[in-house]
Amino acid sequence: MIIFLAAVCCAAWLYLLALHGRFWNSGPVLREGKMLSADAKVAVVVPARDEAENIGHSLSSLLAQEYPGEFSVILVDDNSTDGTAEIAASLLNQERLTIISGQPLPAGWSGKLWAVHQGLMQPEAQNADYILLTDADIEHASAHVATLVREAEASGRDLVSEMVHLHCSAPAERALIPAFIFFFQMLYPFAWVADPRRTVAGAAGGTMLVRRTALERVDGVRRIRHHLIDDCALARQIKSSGGKIWLGHAELARSLRVYADWREIWNMIARTAYVQLGHSPLTLLGCIAGMGLLYVAPVLLTLLGHGLTRVFASATWLMMAIAFQPTLRRYGRSPLWGGALPGVAMFYLGATVASAFRHHMGRGGGWKNRTYPEAPSH
């Protein structure tokens, strides 16, 4: 029985490495290149709530974009109390910037999507060919917008999204952030996202360039107004409507948000992990069993097993460590962290269980002094 369990673990990782969309590959990447055309009009929508710490750097990087076509930035200040809008109003290149004071949050909307919706209603966005949805804590290289538009124009994509480079300097970040990227790639293999024959659809909210006609086809963000994992929800809407989407890693954008300790990373995961599971206790139990099979059993059987059981288990542990290497290299971490992936996975599983507990206690997806305890996941 034990040797059978070890063989199943080994077979599961063989499948993941060989047949799961090469999720471990940590690619593709968009690189700076020559613009094909300067005709496309671009409007950037930035929802912001209490982002005084980052808004200056983020907006300045957008306002300094070397984009040759018509370009505008819309900041929707979502009732900030820390002077976010005042900082934005003090920046240079104001001719490119429109600052909107957000209206009170109506029932049935998440705060971020309500802010995005208000931005999409502005004339600059209504007249644009592309809308860039980005967060208020992202810093963009000067060629970033032009690079995104070039990819969309060249490949006919309706959505071009990038996982921006996350902050990874604090000790907790160095230990835990690369695994966040790894697990995201496992959930949404980038090659499958781009494949129109597959239903898998994903996006990363830090950078989402959307063709305006595609947004109109899915009624903007109204259909997903209650979603907390709004980026992937929008990607599903666009792909299911026949749109072509692309997801990769960013080399021209990075997150400014710092996670100072493990508690902040724990809360970041716990905010939406149970949403990802559809608020289903049975799915949560399946997740616990699956994570145990993939990450816990190989370690225990390597340490406690004998003979072929130990051979299968140690080979499995080695495979997961090897799969983690491209992501570790992207974040400049030691290859030895590959062996620690099972322990990091248990941290993420613990945060997922905490997410379920919070939901059933009525605290749901708390963020920026708001809580969405009953937000549906579909």
# chains A, B, ... in the order shown; residues from 1 in each chain; ligands from 1
$ select_by_dssp --residues "stretch 11-118 of chain A" --states "strand (DSSP E)" --output "NGL selection string"
:A and (29-30 or 42-48 or 71-77 or 97-101)
$ residues_around --residues "stretch 327-337 of chain A" --least-positions-apart "5" --cutoff "12 Å" --atoms "only C-alpha atoms" --output "PDB file with C-alpha atoms, in the first residue's frame"
ATOM      1  CA  PHE A  23       3.788  25.514 -16.376  1.00  0.00           C
ATOM      2  CA  TRP A  24       7.208  25.363 -14.692  1.00  0.00           C
ATOM      3  CA  ASN A  25       8.918  27.091 -17.626  1.00  0.00           C
ATOM      4  CA  SER A  26       8.508  30.616 -16.169  1.00  0.00           C
ATOM      5  CA  GLY A  27       7.710  32.143 -19.551  1.00  0.00           C
ATOM      6  CA  VAL A  29       8.211  37.198 -21.650  1.00  0.00           C
ATOM      7  CA  VAL A 164       4.626  41.742 -12.953  1.00  0.00           C
ATOM      8  CA  HIS A 165       7.822  41.143 -11.023  1.00  0.00           C
ATOM      9  CA  LEU A 166       6.789  41.030  -7.370  1.00  0.00           C
ATOM     10  CA  HIS A 167       8.807  42.645  -4.596  1.00  0.00           C
ATOM     11  CA  CYS A 168      11.158  40.014  -3.184  1.00  0.00           C
ATOM     12  CA  SER A 169      13.632  41.607  -0.770  1.00  0.00           C
ATOM     13  CA  PRO A 171      13.071  37.750   4.370  1.00  0.00           C
ATOM     14  CA  GLU A 173       9.212  37.614   0.575  1.00  0.00           C
ATOM     15  CA  ARG A 174      12.392  35.748  -0.354  1.00  0.00           C
ATOM     16  CA  ALA A 175      11.049  32.607   1.296  1.00  0.00           C
ATOM     17  CA  LEU A 176       7.441  32.731   0.100  1.00  0.00           C
ATOM     18  CA  ILE A 177       6.888  34.955  -2.967  1.00  0.00           C
ATOM     19  CA  PRO A 178       8.541  32.726  -5.640  1.00  0.00           C
ATOM     20  CA  ALA A 179       6.179  29.920  -4.655  1.00  0.00           C
ATOM     21  CA  PHE A 180       3.202  32.251  -5.189  1.00  0.00           C
ATOM     22  CA  ILE A 181       4.304  32.633  -8.818  1.00  0.00           C
ATOM     23  CA  PHE A 182       4.928  28.896  -9.132  1.00  0.00           C
ATOM     24  CA  PHE A 183       1.468  27.947  -7.864  1.00  0.00           C
ATOM     25  CA  PHE A 184      -0.175  30.589 -10.078  1.00  0.00           C
ATOM     26  CA  GLN A 185       1.566  29.080 -13.109  1.00  0.00           C
ATOM     27  CA  MET A 186       0.375  25.639 -12.038  1.00  0.00           C
ATOM     28  CA  HIS A 249       5.877  37.452 -17.246  1.00  0.00           C
ATOM     29  CA  ALA A 250       6.819  41.129 -17.210  1.00  0.00           C
ATOM     30  CA  GLU A 251      10.338  42.447 -17.520  1.00  0.00           C
ATOM     31  CA  ARG A 254       7.340  45.571 -11.161  1.00  0.00           C
ATOM     32  CA  LEU A 318      13.649  15.865  -6.667  1.00  0.00           C
ATOM     33  CA  MET A 320       9.300  19.147  -7.644  1.00  0.00           C
ATOM     34  CA  ALA A 321      12.587  20.820  -6.696  1.00  0.00           C
ATOM     35  CA  ILE A 322      13.683  20.800 -10.347  1.00  0.00           C
ATOM     36  CA  PRO A 342       6.899  21.188   0.374  1.00  0.00           C
ATOM     37  CA  GLY A 343       7.208  23.325   3.512  1.00  0.00           C
ATOM     38  CA  VAL A 344       6.262  26.496   1.632  1.00  0.00           C
TER      39      VAL A 344
END
$ closest_residue --among "A:Leu252, A:Leu282, A:Ala289, A:Leu120" --to "A:Ile138" --atoms "only C-alpha atoms"
A:Leu252
$ select_by_dssp --residues "stretch 90-239 of chain A" --states "helix (DSSP H, G or I)" --output "ChimeraX atom specification"
/A:94-96,111-120,123-126,144-155,171-187,190-194,212-217,230-239
$ write_last_selection --atoms "C-alpha atoms" --output "PDB file, in the first residue's frame"
ATOM      1  CA  GLN A  94      -0.917  66.561 -15.835  1.00  0.00           C
ATOM      2  CA  GLU A  95      -2.163  66.964 -19.410  1.00  0.00           C
ATOM      3  CA  ARG A  96      -2.179  63.164 -19.646  1.00  0.00           C
ATOM      4  CA  GLY A 111     -14.679  48.153  -4.474  1.00  0.00           C
ATOM      5  CA  LYS A 112     -11.966  47.707  -7.085  1.00  0.00           C
ATOM      6  CA  LEU A 113     -14.343  46.810  -9.911  1.00  0.00           C
ATOM      7  CA  TRP A 114     -16.647  49.703  -9.068  1.00  0.00           C
ATOM      8  CA  ALA A 115     -13.657  52.026  -9.387  1.00  0.00           C
ATOM      9  CA  VAL A 116     -12.622  50.364 -12.660  1.00  0.00           C
ATOM     10  CA  HIS A 117     -16.166  50.713 -14.006  1.00  0.00           C
ATOM     11  CA  GLN A 118     -16.177  54.441 -13.273  1.00  0.00           C
ATOM     12  CA  GLY A 119     -12.869  54.785 -15.082  1.00  0.00           C
ATOM     13  CA  LEU A 120     -14.188  52.903 -18.102  1.00  0.00           C
ATOM     14  CA  PRO A 123     -14.597  59.823 -22.392  1.00  0.00           C
ATOM     15  CA  GLU A 124     -10.897  59.013 -22.702  1.00  0.00           C
ATOM     16  CA  ALA A 125     -11.616  55.330 -22.109  1.00  0.00           C
ATOM     17  CA  GLN A 126     -14.740  55.311 -24.280  1.00  0.00           C
ATOM     18  CA  HIS A 144       5.990  49.141 -21.259  1.00  0.00           C
ATOM     19  CA  VAL A 145       2.730  50.376 -22.778  1.00  0.00           C
ATOM     20  CA  ALA A 146       4.200  50.429 -26.293  1.00  0.00           C
ATOM     21  CA  THR A 147       5.422  46.845 -25.818  1.00  0.00           C
ATOM     22  CA  LEU A 148       1.990  45.652 -24.711  1.00  0.00           C
ATOM     23  CA  VAL A 149       0.256  47.348 -27.638  1.00  0.00           C
ATOM     24  CA  ARG A 150       2.792  45.909 -30.080  1.00  0.00           C
ATOM     25  CA  GLU A 151       2.009  42.380 -28.870  1.00  0.00           C
ATOM     26  CA  ALA A 152      -1.752  42.932 -29.087  1.00  0.00           C
ATOM     27  CA  GLU A 153      -1.520  44.431 -32.579  1.00  0.00           C
ATOM     28  CA  ALA A 154       0.918  41.833 -33.939  1.00  0.00           C
ATOM     29  CA  SER A 155      -0.959  38.780 -32.663  1.00  0.00           C
ATOM     30  CA  PRO A 171      13.071  37.750   4.370  1.00  0.00           C
ATOM     31  CA  ALA A 172       9.455  36.597   4.230  1.00  0.00           C
ATOM     32  CA  GLU A 173       9.212  37.614   0.575  1.00  0.00           C
ATOM     33  CA  ARG A 174      12.392  35.748  -0.354  1.00  0.00           C
ATOM     34  CA  ALA A 175      11.049  32.607   1.296  1.00  0.00           C
ATOM     35  CA  LEU A 176       7.441  32.731   0.100  1.00  0.00           C
ATOM     36  CA  ILE A 177       6.888  34.955  -2.967  1.00  0.00           C
ATOM     37  CA  PRO A 178       8.541  32.726  -5.640  1.00  0.00           C
ATOM     38  CA  ALA A 179       6.179  29.920  -4.655  1.00  0.00           C
ATOM     39  CA  PHE A 180       3.202  32.251  -5.189  1.00  0.00           C
ATOM     40  CA  ILE A 181       4.304  32.633  -8.818  1.00  0.00           C
ATOM     41  CA  PHE A 182       4.928  28.896  -9.132  1.00  0.00           C
ATOM     42  CA  PHE A 183       1.468  27.947  -7.864  1.00  0.00           C
ATOM     43  CA  PHE A 184      -0.175  30.589 -10.078  1.00  0.00           C
ATOM     44  CA  GLN A 185       1.566  29.080 -13.109  1.00  0.00           C
ATOM     45  CA  MET A 186       0.375  25.639 -12.038  1.00  0.00           C
ATOM     46  CA  LEU A 187      -3.238  26.829 -11.762  1.00  0.00           C
ATOM     47  CA  PHE A 190       0.408  30.156 -19.596  1.00  0.00           C
ATOM     48  CA  ALA A 191       0.574  28.026 -22.754  1.00  0.00           C
ATOM     49  CA  TRP A 192      -2.953  26.758 -22.098  1.00  0.00           C
ATOM     50  CA  VAL A 193      -4.238  30.279 -21.449  1.00  0.00           C
ATOM     51  CA  ALA A 194      -3.030  31.330 -24.904  1.00  0.00           C
ATOM     52  CA  ARG A 212     -12.043  48.054 -26.059  1.00  0.00           C
ATOM     53  CA  THR A 213     -14.214  46.109 -28.497  1.00  0.00           C
ATOM     54  CA  ALA A 214     -13.605  42.984 -26.421  1.00  0.00           C
ATOM     55  CA  LEU A 215     -14.677  44.832 -23.274  1.00  0.00           C
ATOM     56  CA  GLU A 216     -17.833  45.988 -25.008  1.00  0.00           C
ATOM     57  CA  ARG A 217     -18.549  42.409 -26.065  1.00  0.00           C
ATOM     58  CA  ASP A 230     -11.402  39.961 -10.945  1.00  0.00           C
ATOM     59  CA  ASP A 231      -8.445  39.526 -13.307  1.00  0.00           C
ATOM     60  CA  CYS A 232      -9.085  35.844 -13.986  1.00  0.00           C
ATOM     61  CA  ALA A 233     -12.847  36.453 -14.083  1.00  0.00           C
ATOM     62  CA  LEU A 234     -12.398  39.035 -16.847  1.00  0.00           C
ATOM     63  CA  ALA A 235     -10.055  36.697 -18.738  1.00  0.00           C
ATOM     64  CA  ARG A 236     -12.708  33.959 -18.632  1.00  0.00           C
ATOM     65  CA  GLN A 237     -15.339  36.356 -19.953  1.00  0.00           C
ATOM     66  CA  ILE A 238     -13.142  37.459 -22.845  1.00  0.00           C
ATOM     67  CA  LYS A 239     -11.968  33.976 -23.803  1.00  0.00           C
TER      68      LYS A 239
END
$ closest_residue --among "A:Asp261, A:Asp137, A:Glu32, A:Asp158" --to "A:Glu66" --atoms "only C-alpha atoms"
A:Glu32
$ residues_around --residues "A:Asp50" --least-positions-apart "2" --cutoff "12 Å" --atoms "only C-alpha atoms" --output "JSON, numbers by chain"
{"A": [47, 48, 52, 53, 54, 55, 76, 77, 78, 79, 80, 81, 82, 83, 84, 85, 86, 87, 88, 136, 137, 367, 368, 369]}
